[in-house]
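> Questions regarding the structure given below will be posed in turn.
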Amino acid sequence: MQRAASIILGSIFLFLAACGSNNTADQSANIDERFRDDSEGIFDLFNSPSSNSTIRVNKYLWAASLETLNFLPLESADPFTGIIKFGRGTAPGSGRSFSATVLVQDPALDARSLKVSLQSGGGPASAEMTRAVENAILTRARQLRIRDSEL
């Protein structure tokens, strides 16, 4: 009697294990297929016609932020939310270290679309320093737009 129960339980276990392994293999295959398609990159999302994958940030402000603050280590960048987080670093020609967070919140190339937060070792950086970084990003974004319109 115990032997028959063990065989039945073993059979059920093998059946369930086999069902689970096929499902996992199918899921892995689907994931692998998504990552094999190299036809689209993250920057292709800026020009995507699909409303599901369109990024709602200005590409010039995004690129200018990355270029202007390229001396800081990049911690994270999410083009879907428009947030770029930079780690602590020292600006060239300056002995003061700070970190930055940039928010590009609108597709318009406008000062209202850009928010910069600078943190120094003792807390938030001065308003003048933050404004100077914002102005540098806006100037570079305009230069990038002009360069693209000349092509």
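Letters for chains follow the order of the structure tokens (A, B, ...), residue numbers begin at 1 for each chain, and ligand numbers begin at 1 in the order shown.
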Might you pull out every residue within 9 Å of Leu138 in chain A, with only C-alpha atoms counted and same-chain residues fewer than 5 positions away left off, and present them as a ChimeraX atom specification?

/A:60-61,64-65,109-111,114,133,143

> Go ahead and write the selection's residues with all heavy atoms as an mmCIF file, in the first residue's frame.


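Contents of again_29.cif, freshly written:
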```
data_model
loop_
_atom_site.group_PDB
_atom_site.id
_atom_site.type_symbol
_atom_site.label_atom_id
_atom_site.label_comp_id
_atom_site.auth_asym_id
_atom_site.auth_seq_id
_atom_site.Cartn_x
_atom_site.Cartn_y
_atom_site.Cartn_z
ATOM 1 N N TYR A 60 16.872 67.006 -27.113
ATOM 2 C CA TYR A 60 17.997 67.928 -27.042
ATOM 3 C C TYR A 60 18.359 68.246 -25.585
ATOM 4 O O TYR A 60 19.532 68.305 -25.234
ATOM 5 C CB TYR A 60 17.694 69.215 -27.805
ATOM 6 C CG TYR A 60 17.417 68.954 -29.263
ATOM 7 C CD1 TYR A 60 16.164 69.181 -29.813
ATOM 8 C CD2 TYR A 60 18.415 68.464 -30.099
ATOM 9 C CE1 TYR A 60 15.910 68.938 -31.143
ATOM 10 C CE2 TYR A 60 18.170 68.210 -31.433
ATOM 11 C CZ TYR A 60 16.907 68.447 -31.955
ATOM 12 O OH TYR A 60 16.659 68.194 -33.277
ATOM 13 N N LEU A 61 17.343 68.432 -24.748
ATOM 14 C CA LEU A 61 17.615 68.652 -23.323
ATOM 15 C C LEU A 61 18.242 67.410 -22.691
ATOM 16 O O LEU A 61 19.132 67.514 -21.845
ATOM 17 C CB LEU A 61 16.336 69.042 -22.577
ATOM 18 C CG LEU A 61 15.791 70.425 -22.860
ATOM 19 C CD1 LEU A 61 14.436 70.611 -22.187
ATOM 20 C CD2 LEU A 61 16.763 71.487 -22.402
ATOM 21 N N ALA A 64 21.865 67.194 -23.997
ATOM 22 C CA ALA A 64 22.649 68.302 -23.440
ATOM 23 C C ALA A 64 22.936 68.088 -21.960
ATOM 24 O O ALA A 64 24.018 68.430 -21.479
ATOM 25 C CB ALA A 64 21.908 69.618 -23.656
ATOM 26 N N SER A 65 22.000 67.514 -21.235
ATOM 27 C CA SER A 65 22.219 67.221 -19.813
ATOM 28 C C SER A 65 23.340 66.208 -19.645
ATOM 29 O O SER A 65 24.213 66.360 -18.788
ATOM 30 C CB SER A 65 20.942 66.679 -19.171
ATOM 31 O OG SER A 65 19.917 67.622 -19.229
ATOM 32 N N LEU A 109 11.419 72.269 -26.042
ATOM 33 C CA LEU A 109 12.741 72.815 -25.734
ATOM 34 C C LEU A 109 12.518 74.160 -25.085
ATOM 35 O O LEU A 109 12.494 75.203 -25.725
ATOM 36 C CB LEU A 109 13.595 72.933 -27.000
ATOM 37 C CG LEU A 109 14.995 73.505 -26.823
ATOM 38 C CD1 LEU A 109 15.764 72.766 -25.754
ATOM 39 C CD2 LEU A 109 15.743 73.476 -28.133
ATOM 40 N N ASP A 110 12.330 74.114 -23.771
ATOM 41 C CA ASP A 110 11.925 75.282 -23.013
ATOM 42 C C ASP A 110 12.545 75.192 -21.623
ATOM 43 O O ASP A 110 12.735 74.099 -21.098
ATOM 44 C CB ASP A 110 10.392 75.286 -22.910
ATOM 45 C CG ASP A 110 9.830 76.572 -22.384
ATOM 46 O OD1 ASP A 110 10.284 77.021 -21.306
ATOM 47 O OD2 ASP A 110 8.934 77.128 -23.019
ATOM 48 N N ALA A 111 12.839 76.334 -21.033
ATOM 49 C CA ALA A 111 13.431 76.345 -19.693
ATOM 50 C C ALA A 111 12.502 75.706 -18.666
ATOM 51 O O ALA A 111 12.970 75.116 -17.682
ATOM 52 C CB ALA A 111 13.770 77.771 -19.284
ATOM 53 N N LEU A 114 12.963 71.873 -17.901
ATOM 54 C CA LEU A 114 14.185 71.394 -17.269
ATOM 55 C C LEU A 114 14.224 71.790 -15.794
ATOM 56 O O LEU A 114 14.027 72.949 -15.445
ATOM 57 C CB LEU A 114 15.403 71.995 -17.986
ATOM 58 C CG LEU A 114 16.775 71.638 -17.444
ATOM 59 C CD1 LEU A 114 17.084 70.166 -17.690
ATOM 60 C CD2 LEU A 114 17.830 72.515 -18.091
ATOM 61 N N VAL A 133 24.190 75.895 -14.113
ATOM 62 C CA VAL A 133 24.147 74.574 -14.741
ATOM 63 C C VAL A 133 22.939 74.466 -15.663
ATOM 64 O O VAL A 133 23.038 73.966 -16.785
ATOM 65 C CB VAL A 133 24.148 73.456 -13.672
ATOM 66 C CG1 VAL A 133 23.885 72.098 -14.285
ATOM 67 C CG2 VAL A 133 25.466 73.449 -12.914
ATOM 68 N N GLN A 143 22.161 74.562 -29.159
ATOM 69 C CA GLN A 143 23.214 74.294 -30.136
ATOM 70 C C GLN A 143 22.967 72.970 -30.861
ATOM 71 O O GLN A 143 23.149 72.879 -32.082
ATOM 72 C CB GLN A 143 24.576 74.255 -29.451
ATOM 73 C CG GLN A 143 25.057 75.586 -28.942
ATOM 74 C CD GLN A 143 26.288 75.457 -28.049
ATOM 75 O OE1 GLN A 143 26.671 74.360 -27.631
ATOM 76 N NE2 GLN A 143 26.904 76.598 -27.747
#
```

> Could you work out how far CA of Asp148 in chain A lies from CA of Leu103 in chain A, giving the answer in Å with one decimal?

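Rounded to one decimal, the two atoms are 22.8 Å apart.
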
> Of the residues A:Pro124, A:Ala136, A:Trp62, A:Phe71, which is the one nearest to Ser94 in chain A, using only C-alpha atoms?

A:Phe71

> What does the distance from CA of Glu134 in chain A to CA of Gln105 in chain A come to in Å, to one decimal?

13.7 Å

> Could you tell me how far CA of Ala141 in chain A lies from CA of Ala108 in chain A, in Å and to one decimal?

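Between CA of Ala141 in chain A and CA of Ala108 in chain A the gap works out to 11.2 Å.
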
> Given the choices A:Thr101, A:Ser149, A:Pro92, A:Arg56, which gets closest to Phe80 in chain A if the distance is worked out from only C-alpha atoms?

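Selected residue with least distance to Phe80 in chain A: A:Arg56.
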
> Using only C-alpha atoms, which residues sit within 7 Å of Val102 in chain A once same-chain residues fewer than 5 positions away are excluded, as a list in words?

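Once the adjacent positions are removed, what remains is Ile83, Ile84, Lys85, Lys115, Val116 and Ser117 of chain A.
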
> Which residue gives the smallest distance to Gln119 in chain A among A:Arg147, A:Ile137, A:Gly93, A:Phe86, with only C-alpha atoms counted?

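Of A:Arg147, A:Ile137, A:Gly93, A:Phe86, the one nearest Gln119 in chain A is A:Phe86, counting only C-alpha atoms.
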